[in-house]
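J.: To start, I am sharing the structure in question, which I have written as structure tokens.
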Amino acid sequence: MSYITGVGLTSFGKHEGSSSLGLMSKAAALAIADAGLKRADVDGILCGYSTVAPHIMLATVFAEHFGIRPSYAHAVQVGGATGLAMTMLAHHLVDAGVVRHVLVVSGENRLTGQSRDASIMALAQVGHPDYEVPLGPTIPAYYGLVASRYMHEYGLTQEDLAEFAVLMRAHALDHPGAQFNEPITVVDVMASKPVALPLKLLDCCPVSDGGAAFVVSREPTGSAQVRVRGCAQAHTHQHVTAMPRLSELGAEISIAKARKAAGVAISDARYAAVYDSFTITLAMLLEDLGLAKRGEAAAQVRAGHFGRDGDMPLNTHGGLLSYGHCGVGGAMAHLIETQLQMTGRAGKRQVRDASLALLHGDGGVLSSHVSMFLERVR
Amino acid sequence: MSGAPADWTHGHEAILYQSCGSCRSVQYFRREFCAACGSAELTESRASGQGTVYATSLVCRAATAETRAHVPYNIVLVDATEGFRMMAHGAADLAIGDRVSARFMPFAGRLVPYFEKVK
């Protein structure tokens, strides 16, 4: 068994004068306090990476900086899937009795710590160094390629994709920590600057500063009892050139395994937290996961299905698209919001029932996938 | 398989691929072995440059001064007739399913494959 016993999240956006270690520390302190623990109680650390301040031993750099001496510590790197991959590992570590309390933490001053060009270039390196990167692609271009194909095969339009940006923005409006707090419409998305067509600026998540952390424990530390019910991964490729056909992507594989591990059906889920680096990412993942029928996710958004009051509330904090994306911490915010929803602490964003949640992370270009079910225990 | 490949990644006007003598798989990313079966029995061949467009994305926002000089440029995935998929540049009017043929164009100080519709 493993429980998400505490969560900590900074606001996303600009944190002038901040550092990766500073943002990690801030989030870590919040998470440990939320779990009702002292920092000395933490005996395991898993951290993400920082593109601004890369280090070959970031977990021990952080542990020293933060002032703890864990008996287990290292960094994890699976791109956007890192947050959930760390959660999965933490789950297995505490379940196996290796440690009692794992601090999962990440943070980056990605917005103010480097130029936007530097961010875009660093991320484009997920492409093949010989066969892709020399062609001048960007991360939006990798996803733009996938979008063009998905739209071709399933009849999605750019207006359909825009719906996801509008939904995430609507959700972000009720979170004081979100990077964006101006409402947008489909017309705004369509009129936004082209980045890598069919993707436009408002189809893309921003670059942010921010930190996120949570504690994964063997036993509950308080009344908040949210446990990992089951999880699984799938990795089918790294480079978009080597991506399998759309019907064989990793999300379908990892969700099938996670469903089996958790012993639940998709229809049992009451809340969804799904990776949304781009509108196309969210549209595809919702359909790959079985949260919407093929080609119908946008119609479901229009019908209010994924809204706060809908049947399957989705990313109620605003997701990467509108809460923001500070690297690994970006997708960790999805889990943090989920834990808040499951423990009835989401304030004006609170949904009716978040007793069982489905979470999904994606790294690379739909390359690495982690699916997870969290369950509230009474 | 030793030495640099004489293809566009090293400044030559050619697209190369590898075929496995053991399982007949073809692969585009050059390796010392077949990624499908592990065999080292590989033959390197020059591709015809013919294929079909699988996906396209018109890059309008580039990240370096060198690539910015070229925007907008169309990044395409092409399924080569020889059975492998590759990334390249393409004419702005390309659509998925178009039959295309490659030539080579300068881009950001290098030579890159550039696909155009077959008339």
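In the structure tokens, chains take letters A, B, ... by order of appearance, with residues numbered from 1 within each chain and ligands from 1 in the order shown.
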Name the residues of segment 50-213 of chain A that come out as alpha helix (DSSP H) in a backbone DSSP run; write them as JSON, numbers by chain.
T.: {"A": [58, 59, 60, 61, 62, 63, 64, 65, 66, 82, 83, 84, 85, 86, 87, 88, 89, 90, 91, 92, 93, 94, 95, 116, 117, 118, 119, 120, 121, 122, 123, 124, 139, 140, 141, 142, 143, 144, 145, 146, 147, 148, 149, 150, 151, 152, 153, 154, 158, 159, 160, 161, 162, 163, 164, 165, 166, 167, 168, 169, 170, 171, 172, 186, 187, 188, 189, 190, 191]}
J.: Could you build a table of the residues in chain B lying no more than 6 Å from chain A, giving for each the nearest pair of atoms and their separation in Å rounded to one decimal place, using only C-alpha atoms, ordered by chain and ascending residue number, as JSON lines?
T.:
```
{"residue": "B:Ala55", "atom": "CA", "partner": "A:Leu145", "partner_atom": "CA", "distance": 5.2}
{"residue": "B:Thr56", "atom": "CA", "partner": "A:Leu145", "partner_atom": "CA", "distance": 5.1}
{"residue": "B:Ser57", "atom": "CA", "partner": "A:Leu145", "partner_atom": "CA", "distance": 5.1}
{"residue": "B:Leu58", "atom": "CA", "partner": "A:Leu197", "partner_atom": "CA", "distance": 5.0}
{"residue": "B:Val59", "atom": "CA", "partner": "A:Ala196", "partner_atom": "CA", "distance": 4.3}
{"residue": "B:Cys60", "atom": "CA", "partner": "A:Val195", "partner_atom": "CA", "distance": 5.0}
{"residue": "B:Arg61", "atom": "CA", "partner": "A:Val195", "partner_atom": "CA", "distance": 5.0}
{"residue": "B:Ala63", "atom": "CA", "partner": "A:Asp117", "partner_atom": "CA", "distance": 4.9}
{"residue": "B:Met86", "atom": "CA", "partner": "A:Thr241", "partner_atom": "CA", "distance": 5.9}
```
J.: Show me, as number ranges by chain, the residues that have an atom within 9 Å of Arg270 of chain A when counting only C-alpha atoms, minus same-chain residues fewer than 2 positions from it.
T.: A: 267-268, 272, 311-313, 353-358
J.: Taking the DSSP secondary structure from the backbone, can you list the residues of segment 83-330 of chain A that are strand (DSSP E or B), as a ChimeraX atom specification?
T.: /A:101-109,194-197,199-200,204,209-217,226-235,271-274,278,314
J.: Which residue is closest to Gly127 of chain A? Choose from A:His101, A:His55, A:His239, A:Lys14 and count only C-alpha atoms.
T.: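 So, comparing all the options, the nearest one is A:His239.
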J.: Show me, as a ChimeraX atom specification, the residues that have an atom within 10 Å of Ala65 of chain B when counting only C-alpha atoms, minus same-chain residues fewer than 3 positions from it.
T.: /A:117 /B:62,68-70,108
J.: Take the residues that were just selected and, keeping N, CA and C atoms, output them as an mmCIF file, in the first residue's frame.
T.:
```cif
data_model
loop_
_atom_site.group_PDB
_atom_site.id
_atom_site.type_symbol
_atom_site.label_atom_id
_atom_site.label_comp_id
_atom_site.auth_asym_id
_atom_site.auth_seq_id
_atom_site.Cartn_x
_atom_site.Cartn_y
_atom_site.Cartn_z
ATOM 1 N N ASP A 117 13.973 30.994 -26.198
ATOM 2 C CA ASP A 117 14.681 30.246 -27.246
ATOM 3 C C ASP A 117 15.475 29.091 -26.645
ATOM 4 N N ALA B 62 10.694 29.451 -34.948
ATOM 5 C CA ALA B 62 11.914 28.664 -34.807
ATOM 6 C C ALA B 62 12.687 29.173 -33.594
ATOM 7 N N ARG B 68 15.564 30.549 -37.906
ATOM 8 C CA ARG B 68 14.560 31.608 -38.018
ATOM 9 C C ARG B 68 14.583 32.241 -39.411
ATOM 10 N N ALA B 69 15.745 32.266 -40.032
ATOM 11 C CA ALA B 69 15.872 32.859 -41.365
ATOM 12 C C ALA B 69 15.053 32.101 -42.401
ATOM 13 N N HIS B 70 14.671 30.866 -42.070
ATOM 14 C CA HIS B 70 13.965 30.019 -43.043
ATOM 15 C C HIS B 70 12.450 29.952 -42.832
ATOM 16 N N ALA B 108 19.983 26.112 -42.826
ATOM 17 C CA ALA B 108 20.762 26.397 -41.620
ATOM 18 C C ALA B 108 22.186 25.840 -41.734
#
```
J.: Find the residues near Ile266 of chain A: any atom within 8 Å, counting only C-alpha atoms, skip ones fewer than 4 places away on the same chain, and give them as a list of chain:residue names.
T.: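 The residues that qualify are A:Arg259, A:Gly290, A:Leu291, A:Leu358.
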J.: If we count only C-alpha atoms and set the cut-off at 9 Å, which residues sit around Val228 of chain A, ignoring sequence neighbours fewer than 6 positions away in its own chain? Please answer as a list in words.
T.: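 Residues meeting the cut-off are Met1, Ser2, Tyr3, Ile4, Thr87, Met88, His91, Ala262, Met372, Phe373, Leu374, Glu375 and Arg376 of chain A.
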J.: Those residues with N, CA and C atoms, as a PDB file, in the first residue's frame please?
T.:
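Final output, selection.pdb:
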```pdb
ATOM      1  N   MET A   1       0.838  -1.204   0.000  1.00  0.00           N
ATOM      2  CA  MET A   1       0.000   0.000   0.000  1.00  0.00           C
ATOM      3  C   MET A   1       0.872   1.253   0.000  1.00  0.00           C
ATOM      4  N   SER A   2       0.367   2.309  -0.575  1.00  0.00           N
ATOM      5  CA  SER A   2       1.051   3.601  -0.494  1.00  0.00           C
ATOM      6  C   SER A   2       0.009   4.707  -0.546  1.00  0.00           C
ATOM      7  N   TYR A   3       0.302   5.782   0.148  1.00  0.00           N
ATOM      8  CA  TYR A   3      -0.651   6.895   0.263  1.00  0.00           C
ATOM      9  C   TYR A   3       0.031   8.206  -0.126  1.00  0.00           C
ATOM     10  N   ILE A   4      -0.736   9.088  -0.776  1.00  0.00           N
ATOM     11  CA  ILE A   4      -0.249  10.441  -1.051  1.00  0.00           C
ATOM     12  C   ILE A   4      -0.630  11.249   0.189  1.00  0.00           C
ATOM     13  N   THR A  87       6.061   8.806  -8.954  1.00  0.00           N
ATOM     14  CA  THR A  87       5.004   8.374  -8.038  1.00  0.00           C
ATOM     15  C   THR A  87       4.899   6.849  -8.046  1.00  0.00           C
ATOM     16  N   MET A  88       4.994   6.286  -9.234  1.00  0.00           N
ATOM     17  CA  MET A  88       4.926   4.825  -9.359  1.00  0.00           C
ATOM     18  C   MET A  88       6.090   4.172  -8.619  1.00  0.00           C
ATOM     19  N   HIS A  91       5.635   4.522  -4.898  1.00  0.00           N
ATOM     20  CA  HIS A  91       4.622   3.539  -4.485  1.00  0.00           C
ATOM     21  C   HIS A  91       5.281   2.177  -4.250  1.00  0.00           C
ATOM     22  N   ALA A 262      -5.151  -2.231 -11.035  1.00  0.00           N
ATOM     23  CA  ALA A 262      -6.043  -1.606 -10.061  1.00  0.00           C
ATOM     24  C   ALA A 262      -7.341  -2.375  -9.896  1.00  0.00           C
ATOM     25  N   MET A 372      -2.252   5.771 -13.926  1.00  0.00           N
ATOM     26  CA  MET A 372      -2.369   5.494 -12.493  1.00  0.00           C
ATOM     27  C   MET A 372      -3.795   5.741 -12.000  1.00  0.00           C
ATOM     28  N   PHE A 373      -4.238   4.896 -11.086  1.00  0.00           N
ATOM     29  CA  PHE A 373      -5.518   5.130 -10.416  1.00  0.00           C
ATOM     30  C   PHE A 373      -5.252   5.448  -8.959  1.00  0.00           C
ATOM     31  N   LEU A 374      -5.841   6.537  -8.483  1.00  0.00           N
ATOM     32  CA  LEU A 374      -5.791   6.899  -7.067  1.00  0.00           C
ATOM     33  C   LEU A 374      -7.186   6.701  -6.498  1.00  0.00           C
ATOM     34  N   GLU A 375      -7.220   6.254  -5.248  1.00  0.00           N
ATOM     35  CA  GLU A 375      -8.502   5.938  -4.630  1.00  0.00           C
ATOM     36  C   GLU A 375      -8.578   6.572  -3.253  1.00  0.00           C
ATOM     37  N   ARG A 376      -9.718   7.153  -2.927  1.00  0.00           N
ATOM     38  CA  ARG A 376      -9.890   7.679  -1.573  1.00  0.00           C
ATOM     39  C   ARG A 376     -10.387   6.547  -0.677  1.00  0.00           C
TER      40      ARG A 376
END
```
J.: Take atom CA of Leu249 of chain A and atom CA of Ser367 of chain A and report the distance between them in Å, one decimal.
T.: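 Those two atoms sit 8.1 Å apart.
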